[in-house]
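Content type TSV, N, CA and C atoms and all ligand atoms, from the file coords21.tsv:
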chain	number	residue	atom	x	y	z
D	1	MET	N	-35.98	21.15	21.93
D	1	MET	CA	-35.08	21.94	21.07
D	1	MET	C	-33.63	21.54	21.29
D	2	ARG	N	-33.25	21.48	22.56
D	2	ARG	CA	-31.89	21.13	22.89
D	2	ARG	C	-31.56	19.70	22.41
D	3	ILE	N	-32.55	18.80	22.59
D	3	ILE	CA	-32.36	17.41	22.17
D	3	ILE	C	-32.21	17.32	20.65
D	4	THR	N	-33.03	18.09	19.92
D	4	THR	CA	-32.93	18.10	18.46
D	4	THR	C	-31.54	18.54	18.02
D	5	LEU	N	-31.03	19.58	18.69
D	5	LEU	CA	-29.69	20.07	18.36
D	5	LEU	C	-28.64	18.99	18.59
D	6	MET	N	-28.77	18.31	19.76
D	6	MET	CA	-27.81	17.26	20.08
D	6	MET	C	-27.85	16.14	19.06
D	7	ILE	N	-29.08	15.76	18.68
D	7	ILE	CA	-29.22	14.66	17.70
D	7	ILE	C	-28.59	15.05	16.37
D	8	SER	N	-28.86	16.29	15.93
D	8	SER	CA	-28.29	16.67	14.63
D	8	SER	C	-26.76	16.75	14.71
D	9	LYS	N	-26.25	17.11	15.89
D	9	LYS	CA	-24.79	17.14	16.07
D	9	LYS	C	-24.22	15.72	15.92
D	10	TRP	N	-24.89	14.75	16.55
D	10	TRP	CA	-24.42	13.36	16.46
D	10	TRP	C	-24.50	12.84	15.03
D	11	ILE	N	-25.56	13.24	14.33
D	11	ILE	CA	-25.69	12.80	12.93
D	11	ILE	C	-24.54	13.38	12.10
D	12	ALA	N	-24.22	14.65	12.35
D	12	ALA	CA	-23.12	15.29	11.62
D	12	ALA	C	-21.81	14.55	11.91
D	13	ILE	N	-21.57	14.22	13.18
D	13	ILE	CA	-20.34	13.52	13.55
D	13	ILE	C	-20.29	12.15	12.87
D	14	ALA	N	-21.45	11.46	12.84
D	14	ALA	CA	-21.50	10.14	12.21
D	14	ALA	C	-21.13	10.25	10.73
D	15	PHE	N	-21.61	11.30	10.06
D	15	PHE	CA	-21.28	11.49	8.64
D	15	PHE	C	-19.77	11.67	8.44
D	16	VAL	N	-19.19	12.50	9.30
D	16	VAL	CA	-17.75	12.74	9.19
D	16	VAL	C	-16.99	11.43	9.37
D	17	MET	N	-17.41	10.61	10.34
D	17	MET	CA	-16.72	9.34	10.58
D	17	MET	C	-16.85	8.40	9.39
D	18	VAL	N	-18.02	8.38	8.77
D	18	VAL	CA	-18.22	7.51	7.60
D	18	VAL	C	-17.31	7.97	6.46
D	19	PHE	N	-17.22	9.28	6.26
D	19	PHE	CA	-16.35	9.79	5.18
D	19	PHE	C	-14.89	9.45	5.46
D	20	ALA	N	-14.46	9.59	6.72
D	20	ALA	CA	-13.07	9.27	7.07
D	20	ALA	C	-12.80	7.80	6.81
D	21	ALA	N	-13.75	6.92	7.16
D	21	ALA	CA	-13.57	5.49	6.96
D	21	ALA	C	-13.49	5.17	5.48
D	22	CYS	N	-14.32	5.83	4.66
D	22	CYS	CA	-14.28	5.60	3.21
D	22	CYS	C	-12.91	5.95	2.66
D	23	GLY	N	-12.35	7.07	3.12
D	23	GLY	CA	-11.04	7.51	2.66
D	23	GLY	C	-9.98	6.46	2.94
D	24	SER	N	-10.01	5.84	4.12
D	24	SER	CA	-8.96	4.89	4.46
D	24	SER	C	-9.16	3.55	3.77
D	25	GLU	N	-10.35	3.32	3.21
D	25	GLU	CA	-10.58	2.07	2.50
D	25	GLU	C	-10.01	2.09	1.09
D	26	ALA	N	-9.72	3.27	0.58
D	26	ALA	CA	-9.16	3.35	-0.76
D	26	ALA	C	-7.76	3.97	-0.69
D	27	PRO	N	-6.77	3.20	-0.23
D	27	PRO	CA	-5.45	3.76	-0.05
D	27	PRO	C	-4.82	4.14	-1.40
D	28	ASP	N	-4.03	5.19	-1.38
D	28	ASP	CA	-3.43	5.71	-2.60
D	28	ASP	C	-2.07	5.04	-2.84
D	29	GLY	N	-2.03	4.15	-3.84
D	29	GLY	CA	-0.80	3.42	-4.14
D	29	GLY	C	0.34	4.32	-4.53
D	30	ALA	N	0.05	5.37	-5.31
D	30	ALA	CA	1.12	6.27	-5.77
D	30	ALA	C	1.78	6.96	-4.58
D	31	ALA	N	0.95	7.35	-3.60
D	31	ALA	CA	1.52	8.01	-2.42
D	31	ALA	C	2.33	7.02	-1.59
D	32	LEU	N	1.86	5.78	-1.52
D	32	LEU	CA	2.54	4.79	-0.69
D	32	LEU	C	3.90	4.38	-1.26
D	33	VAL	N	4.02	4.24	-2.60
D	33	VAL	CA	5.32	3.86	-3.17
D	33	VAL	C	6.34	4.99	-2.97
D	34	ALA	N	5.83	6.24	-2.90
D	34	ALA	CA	6.74	7.36	-2.63
D	34	ALA	C	7.12	7.36	-1.15
D	35	GLU	N	6.13	7.18	-0.29
D	35	GLU	CA	6.37	7.20	1.15
D	35	GLU	C	7.32	6.08	1.59
D	36	LYS	N	7.15	4.88	1.02
D	36	LYS	CA	7.96	3.73	1.41
D	36	LYS	C	9.31	3.70	0.69
D	37	GLY	N	9.50	4.55	-0.31
D	37	GLY	CA	10.80	4.62	-0.98
D	37	GLY	C	10.97	3.68	-2.15
D	38	CYS	N	9.92	2.93	-2.52
D	38	CYS	CA	10.02	1.97	-3.63
D	38	CYS	C	10.42	2.67	-4.93
D	39	VAL	N	9.95	3.91	-5.10
D	39	VAL	CA	10.21	4.66	-6.33
D	39	VAL	C	11.70	4.83	-6.60
D	40	ALA	N	12.51	4.82	-5.56
D	40	ALA	CA	13.96	5.03	-5.72
D	40	ALA	C	14.58	3.98	-6.63
D	41	CYS	N	14.02	2.79	-6.67
D	41	CYS	CA	14.59	1.72	-7.50
D	41	CYS	C	13.61	1.22	-8.57
D	42	HIS	N	12.34	1.10	-8.18
D	42	HIS	CA	11.36	0.53	-9.12
D	42	HIS	C	10.58	1.59	-9.87
D	43	GLY	N	10.86	2.85	-9.62
D	43	GLY	CA	10.15	3.92	-10.32
D	43	GLY	C	8.73	4.10	-9.82
D	44	GLU	N	8.10	5.17	-10.32
D	44	GLU	CA	6.74	5.50	-9.88
D	44	GLU	C	5.71	4.47	-10.34
D	45	LYS	N	5.93	3.97	-11.58
D	45	LYS	CA	4.93	3.07	-12.15
D	45	LYS	C	5.47	1.66	-12.34
D	46	GLY	N	6.63	1.35	-11.74
D	46	GLY	CA	7.14	-0.02	-11.81
D	46	GLY	C	8.19	-0.23	-12.89
D	47	GLY	N	8.54	0.84	-13.61
D	47	GLY	CA	9.64	0.75	-14.57
D	47	GLY	C	10.93	1.05	-13.81
D	48	ALA	N	11.79	0.03	-13.67
D	48	ALA	CA	12.99	0.18	-12.84
D	48	ALA	C	13.88	1.30	-13.37
D	49	ILE	N	14.57	1.98	-12.45
D	49	ILE	CA	15.40	3.12	-12.83
D	49	ILE	C	16.77	2.69	-13.35
D	50	ALA	N	17.16	1.43	-13.13
D	50	ALA	CA	18.45	0.91	-13.61
D	50	ALA	C	18.31	-0.59	-13.83
D	51	PRO	N	19.14	-1.16	-14.73
D	51	PRO	CA	19.00	-2.59	-15.07
D	51	PRO	C	19.22	-3.54	-13.89
D	52	ILE	N	19.86	-3.08	-12.83
D	52	ILE	CA	20.08	-3.99	-11.70
D	52	ILE	C	18.81	-4.17	-10.86
D	53	TYR	N	17.77	-3.37	-11.11
D	53	TYR	CA	16.51	-3.52	-10.37
D	53	TYR	C	15.44	-4.09	-11.29
D	54	PRO	N	14.62	-5.01	-10.78
D	54	PRO	CA	13.59	-5.59	-11.65
D	54	PRO	C	12.44	-4.63	-11.93
D	55	HIS	N	11.91	-4.70	-13.16
D	55	HIS	CA	10.68	-3.99	-13.47
D	55	HIS	C	9.54	-4.70	-12.73
D	56	LEU	N	8.60	-3.93	-12.22
D	56	LEU	CA	7.45	-4.54	-11.53
D	56	LEU	C	6.19	-4.39	-12.36
D	57	ASN	N	6.19	-3.42	-13.29
D	57	ASN	CA	4.98	-3.24	-14.09
D	57	ASN	C	4.81	-4.44	-15.02
D	58	GLY	N	3.60	-4.81	-15.26
D	58	GLY	CA	3.34	-5.97	-16.11
D	58	GLY	C	3.26	-7.26	-15.34
D	59	GLN	N	3.74	-7.26	-14.08
D	59	GLN	CA	3.62	-8.48	-13.28
D	59	GLN	C	2.20	-8.60	-12.73
D	60	TYR	N	1.82	-9.82	-12.44
D	60	TYR	CA	0.51	-10.03	-11.83
D	60	TYR	C	0.53	-9.54	-10.39
D	61	GLU	N	-0.60	-8.91	-10.03
D	61	GLU	CA	-0.76	-8.39	-8.66
D	61	GLU	C	-0.52	-9.51	-7.62
D	62	THR	N	-1.08	-10.67	-7.88
D	62	THR	CA	-0.94	-11.79	-6.93
D	62	THR	C	0.53	-12.17	-6.76
D	63	TYR	N	1.27	-12.20	-7.89
D	63	TYR	CA	2.70	-12.55	-7.82
D	63	TYR	C	3.44	-11.54	-6.94
D	64	LEU	N	3.19	-10.24	-7.16
D	64	LEU	CA	3.88	-9.20	-6.38
D	64	LEU	C	3.53	-9.32	-4.90
D	65	ARG	N	2.26	-9.60	-4.62
D	65	ARG	CA	1.83	-9.73	-3.22
D	65	ARG	C	2.56	-10.92	-2.56
D	66	LEU	N	2.65	-12.03	-3.28
D	66	LEU	CA	3.32	-13.20	-2.71
D	66	LEU	C	4.81	-12.94	-2.50
D	67	GLN	N	5.45	-12.22	-3.44
D	67	GLN	CA	6.89	-11.94	-3.29
D	67	GLN	C	7.15	-11.03	-2.10
D	68	LEU	N	6.31	-9.99	-1.95
D	68	LEU	CA	6.49	-9.06	-0.82
D	68	LEU	C	6.26	-9.79	0.51
D	69	THR	N	5.30	-10.68	0.54
D	69	THR	CA	5.04	-11.44	1.77
D	69	THR	C	6.23	-12.36	2.07
D	70	ALA	N	6.81	-12.95	1.02
D	70	ALA	CA	7.96	-13.84	1.19
D	70	ALA	C	9.21	-13.07	1.65
D	71	TYR	N	9.40	-11.85	1.12
D	71	TYR	CA	10.52	-11.01	1.58
D	71	TYR	C	10.32	-10.65	3.04
D	72	ARG	N	9.08	-10.31	3.40
D	72	ARG	CA	8.80	-9.89	4.78
D	72	ARG	C	9.08	-11.04	5.76
D	73	SER	N	8.68	-12.25	5.38
D	73	SER	CA	8.86	-13.39	6.31
D	73	SER	C	10.28	-13.94	6.27
D	74	GLY	N	11.05	-13.56	5.23
D	74	GLY	CA	12.41	-14.08	5.09
D	74	GLY	C	12.46	-15.36	4.27
D	75	LYS	N	11.30	-15.80	3.76
D	75	LYS	CA	11.26	-17.01	2.92
D	75	LYS	C	12.02	-16.76	1.61
D	76	ARG	N	11.90	-15.55	1.07
D	76	ARG	CA	12.71	-15.16	-0.09
D	76	ARG	C	13.78	-14.22	0.45
D	77	VAL	N	15.04	-14.55	0.13
D	77	VAL	CA	16.14	-13.80	0.74
D	77	VAL	C	16.77	-12.82	-0.24
D	78	ASN	N	16.78	-11.56	0.15
D	78	ASN	CA	17.51	-10.52	-0.56
D	78	ASN	C	17.73	-9.39	0.43
D	79	ALA	N	18.98	-8.99	0.60
D	79	ALA	CA	19.33	-8.03	1.66
D	79	ALA	C	18.53	-6.74	1.54
D	80	ILE	N	18.37	-6.23	0.32
D	80	ILE	CA	17.64	-4.97	0.15
D	80	ILE	C	16.16	-5.18	0.43
D	81	MET	N	15.57	-6.14	-0.25
D	81	MET	CA	14.11	-6.29	-0.17
D	81	MET	C	13.64	-6.82	1.17
D	82	ASN	N	14.46	-7.63	1.87
D	82	ASN	CA	14.04	-8.07	3.21
D	82	ASN	C	13.89	-6.85	4.11
D	83	GLY	N	14.80	-5.88	3.96
D	83	GLY	CA	14.72	-4.65	4.75
D	83	GLY	C	13.53	-3.79	4.35
D	84	MET	N	13.32	-3.68	3.04
D	84	MET	CA	12.21	-2.84	2.56
D	84	MET	C	10.85	-3.39	2.98
D	85	ALA	N	10.73	-4.72	3.04
D	85	ALA	CA	9.42	-5.33	3.32
D	85	ALA	C	9.17	-5.55	4.81
D	86	ALA	N	10.23	-5.42	5.62
D	86	ALA	CA	10.12	-5.78	7.04
D	86	ALA	C	8.94	-5.14	7.77
D	87	ASP	N	8.70	-3.85	7.54
D	87	ASP	CA	7.65	-3.16	8.30
D	87	ASP	C	6.33	-3.03	7.55
D	88	LEU	N	6.21	-3.67	6.39
D	88	LEU	CA	4.96	-3.50	5.63
D	88	LEU	C	3.83	-4.29	6.28
D	89	SER	N	2.66	-3.67	6.37
D	89	SER	CA	1.47	-4.38	6.87
D	89	SER	C	0.85	-5.15	5.70
D	90	ASP	N	-0.08	-6.04	6.01
D	90	ASP	CA	-0.78	-6.76	4.94
D	90	ASP	C	-1.48	-5.78	4.01
D	91	GLU	N	-2.03	-4.71	4.61
D	91	GLU	CA	-2.74	-3.71	3.81
D	91	GLU	C	-1.77	-2.96	2.89
D	92	ASP	N	-0.56	-2.63	3.42
D	92	ASP	CA	0.46	-1.97	2.59
D	92	ASP	C	0.80	-2.86	1.39
D	93	ILE	N	1.04	-4.14	1.67
D	93	ILE	CA	1.44	-5.08	0.61
D	93	ILE	C	0.35	-5.17	-0.45
D	94	ALA	N	-0.90	-5.23	-0.02
D	94	ALA	CA	-2.01	-5.30	-0.98
D	94	ALA	C	-2.04	-4.03	-1.84
D	95	THR	N	-1.85	-2.87	-1.20
D	95	THR	CA	-1.89	-1.60	-1.93
D	95	THR	C	-0.73	-1.50	-2.91
D	96	LEU	N	0.49	-1.89	-2.47
D	96	LEU	CA	1.68	-1.80	-3.32
D	96	LEU	C	1.55	-2.75	-4.51
D	97	ALA	N	1.07	-3.97	-4.25
D	97	ALA	CA	0.92	-4.96	-5.33
D	97	ALA	C	-0.13	-4.49	-6.34
D	98	ALA	N	-1.21	-3.89	-5.83
D	98	ALA	CA	-2.27	-3.41	-6.73
D	98	ALA	C	-1.76	-2.23	-7.56
D	99	HIS	N	-0.90	-1.39	-6.95
D	99	HIS	CA	-0.38	-0.23	-7.66
D	99	HIS	C	0.56	-0.65	-8.80
D	100	TYR	N	1.50	-1.55	-8.51
D	100	TYR	CA	2.50	-1.92	-9.51
D	100	TYR	C	2.01	-3.03	-10.46
D	101	GLY	N	1.13	-3.88	-9.93
D	101	GLY	CA	0.74	-5.06	-10.72
D	101	GLY	C	-0.44	-4.83	-11.64
D	102	LYS	N	-0.79	-5.90	-12.36
D	102	LYS	CA	-1.96	-5.81	-13.26
D	102	LYS	C	-3.00	-6.84	-12.83
Z	201	LIG	C1	17.35	0.12	-3.05
Z	201	LIG	C2	16.57	-0.39	-4.17
Z	201	LIG	C3	15.19	-0.98	-3.89
Z	201	LIG	C4	14.14	-0.40	-3.22
Z	201	LIG	C5	14.10	0.96	-2.51
Z	201	LIG	C6	13.04	-1.34	-3.31
Z	201	LIG	N1	13.40	-2.43	-4.03
Z	201	LIG	FE1	12.19	-4.00	-4.57
Z	201	LIG	N2	13.80	-4.93	-5.40
Z	201	LIG	C7	15.09	-4.44	-5.45
Z	201	LIG	C8	15.99	-5.49	-5.94
Z	201	LIG	C9	17.50	-5.37	-6.13
Z	201	LIG	C10	15.17	-6.62	-6.21
Z	201	LIG	C11	15.61	-8.01	-6.68
Z	201	LIG	C12	15.89	-8.82	-5.42
Z	201	LIG	C13	16.05	-10.31	-5.63
Z	201	LIG	O1	16.86	-10.71	-6.46
Z	201	LIG	O2	15.32	-11.06	-4.93
Z	201	LIG	C14	13.80	-6.22	-5.86
Z	201	LIG	C15	12.70	-7.06	-6.00
Z	201	LIG	C16	11.41	-6.69	-5.74
Z	201	LIG	C17	10.24	-7.51	-6.00
Z	201	LIG	C18	10.25	-8.89	-6.63
Z	201	LIG	C19	10.24	-8.74	-8.14
Z	201	LIG	C20	10.26	-10.05	-8.87
Z	201	LIG	O3	10.26	-9.99	-10.11
Z	201	LIG	O4	10.23	-11.11	-8.25
Z	201	LIG	C21	9.15	-6.80	-5.59
Z	201	LIG	C22	7.70	-7.23	-5.68
Z	201	LIG	C23	9.64	-5.53	-5.07
Z	201	LIG	N3	11.01	-5.50	-5.18
Z	201	LIG	C24	8.82	-4.54	-4.57
Z	201	LIG	C25	9.31	-3.42	-3.89
Z	201	LIG	C26	8.48	-2.50	-3.14
Z	201	LIG	C27	6.96	-2.59	-3.05
Z	201	LIG	C28	9.30	-1.56	-2.60
Z	201	LIG	C29	8.94	-0.46	-1.63
Z	201	LIG	C30	8.36	-0.92	-0.37
Z	201	LIG	C31	10.65	-1.89	-3.04
Z	201	LIG	N4	10.61	-3.03	-3.80
Z	201	LIG	C32	11.77	-1.13	-2.75
Z	201	LIG	C33	15.49	-3.16	-5.10
Z	201	LIG	C34	14.73	-2.26	-4.38
Translate the structure of the given file into structure tokens.
Amino acid sequence: MRITLMISKWIAIAFVMVFAACGSEAPDGAALVAEKGCVACHGEKGGAIAPIYPHLNGQYETYLRLQLTAYRSGKRVNAIMNGMAADLSDEDIATLAAHYGK
């Protein structure tokens, strides 16, 4: 009886862990652009808030991912974007590019 209880407890814990892992595999792009502050210039959906900022909507996802990687490494130089991209992980960049790009 006690063993059955323990086993069902472990099965329940395993289910919770699987659900948690599923959640982290589908990151929310809309939440990330707000959290990272991208919305301040590029808007929620990639329509820039002023003409001095580029629109990101309509760009290819791959192009956006390559640009963010280049800003992060310093290969592409821009004072604002080098700072914005400095702490982004590969996963962040993939999520941001998928959110804004097509
Ligand atoms: C303070 C305003 C500002 C913020 C905040 C900002 N950006 Fe930018 N972004 C710019 C400017 C200005 C450029 C153009 C820089 C250049 O000429 O290289 C740019 C360029 C880009 C480009 C390249 C566009 C192209 O057509 O090549 C991408 C991609 C990009 N930003 C993504 C992001 C993401 C993702 C975030 C959030 C992590 C972010 N930006 C936050 C101002 C901003």
Residues of chain D within 7 Å of ligand LIG 201 (chain Z): nearest atom pair and distance (Å, one decimal) for each, counting only C-alpha atoms and all ligand atoms, sorted by chain and number, as CSV?
residue,atom,partner,partner_atom,distance
D:Val33,CA,Z:LIG201,C29,5.8
D:Lys36,CA,Z:LIG201,C30,5.0
D:Gly37,CA,Z:LIG201,C5,5.2
D:Cys38,CA,Z:LIG201,C29,3.3
D:Val39,CA,Z:LIG201,C5,6.6
D:Ala40,CA,Z:LIG201,C5,5.2
D:Cys41,CA,Z:LIG201,C2,4.4
D:His42,CA,Z:LIG201,N1,6.2
D:Ile52,CA,Z:LIG201,C9,6.3
D:Tyr53,CA,Z:LIG201,C9,4.7
D:Pro54,CA,Z:LIG201,O3,5.7
D:His55,CA,Z:LIG201,O3,6.9
D:Leu56,CA,Z:LIG201,C19,6.1
D:Leu64,CA,Z:LIG201,C22,4.4
D:Arg65,CA,Z:LIG201,C22,6.8
D:Gln67,CA,Z:LIG201,C22,5.3
D:Leu68,CA,Z:LIG201,C22,5.3
D:Arg76,CA,Z:LIG201,O2,6.9
D:Val77,CA,Z:LIG201,O2,6.4
D:Asn78,CA,Z:LIG201,O2,4.9
D:Ile80,CA,Z:LIG201,C33,6.0
D:Met81,CA,Z:LIG201,FE1,5.3
D:Met84,CA,Z:LIG201,C30,5.2
D:Ala85,CA,Z:LIG201,C30,5.8
D:Leu96,CA,Z:LIG201,C27,5.3
D:Ala97,CA,Z:LIG201,C27,6.9
Rank D:Lys45, D:Asp92, D:Asp87, D:Pro27 by their smallest atom-to-atom distance to Asn57 of chain D, using all atoms listed in the file, and report the top residue only. D:Lys45
Pick from D:Gly46, D:Thr69, D:Ala34, D:Asp28 nearest to Ile93 of chain D, counting all atoms listed in the file: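 Closest candidate: D:Thr69.
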One number please: atom CA of Glu91 of chain D to atom CA of Glu35 of chain D, in Å, one decimal.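 Separation of atom CA of Glu91 of chain D and atom CA of Glu35 of chain D: 14.5 Å.
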From D:Glu44, D:Thr4, D:Thr62, D:Pro51, residue lying nearest Ala98 of chain D [all atoms listed in the file]: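 Closest to Ala98 of chain D of all the choices is D:Thr62.
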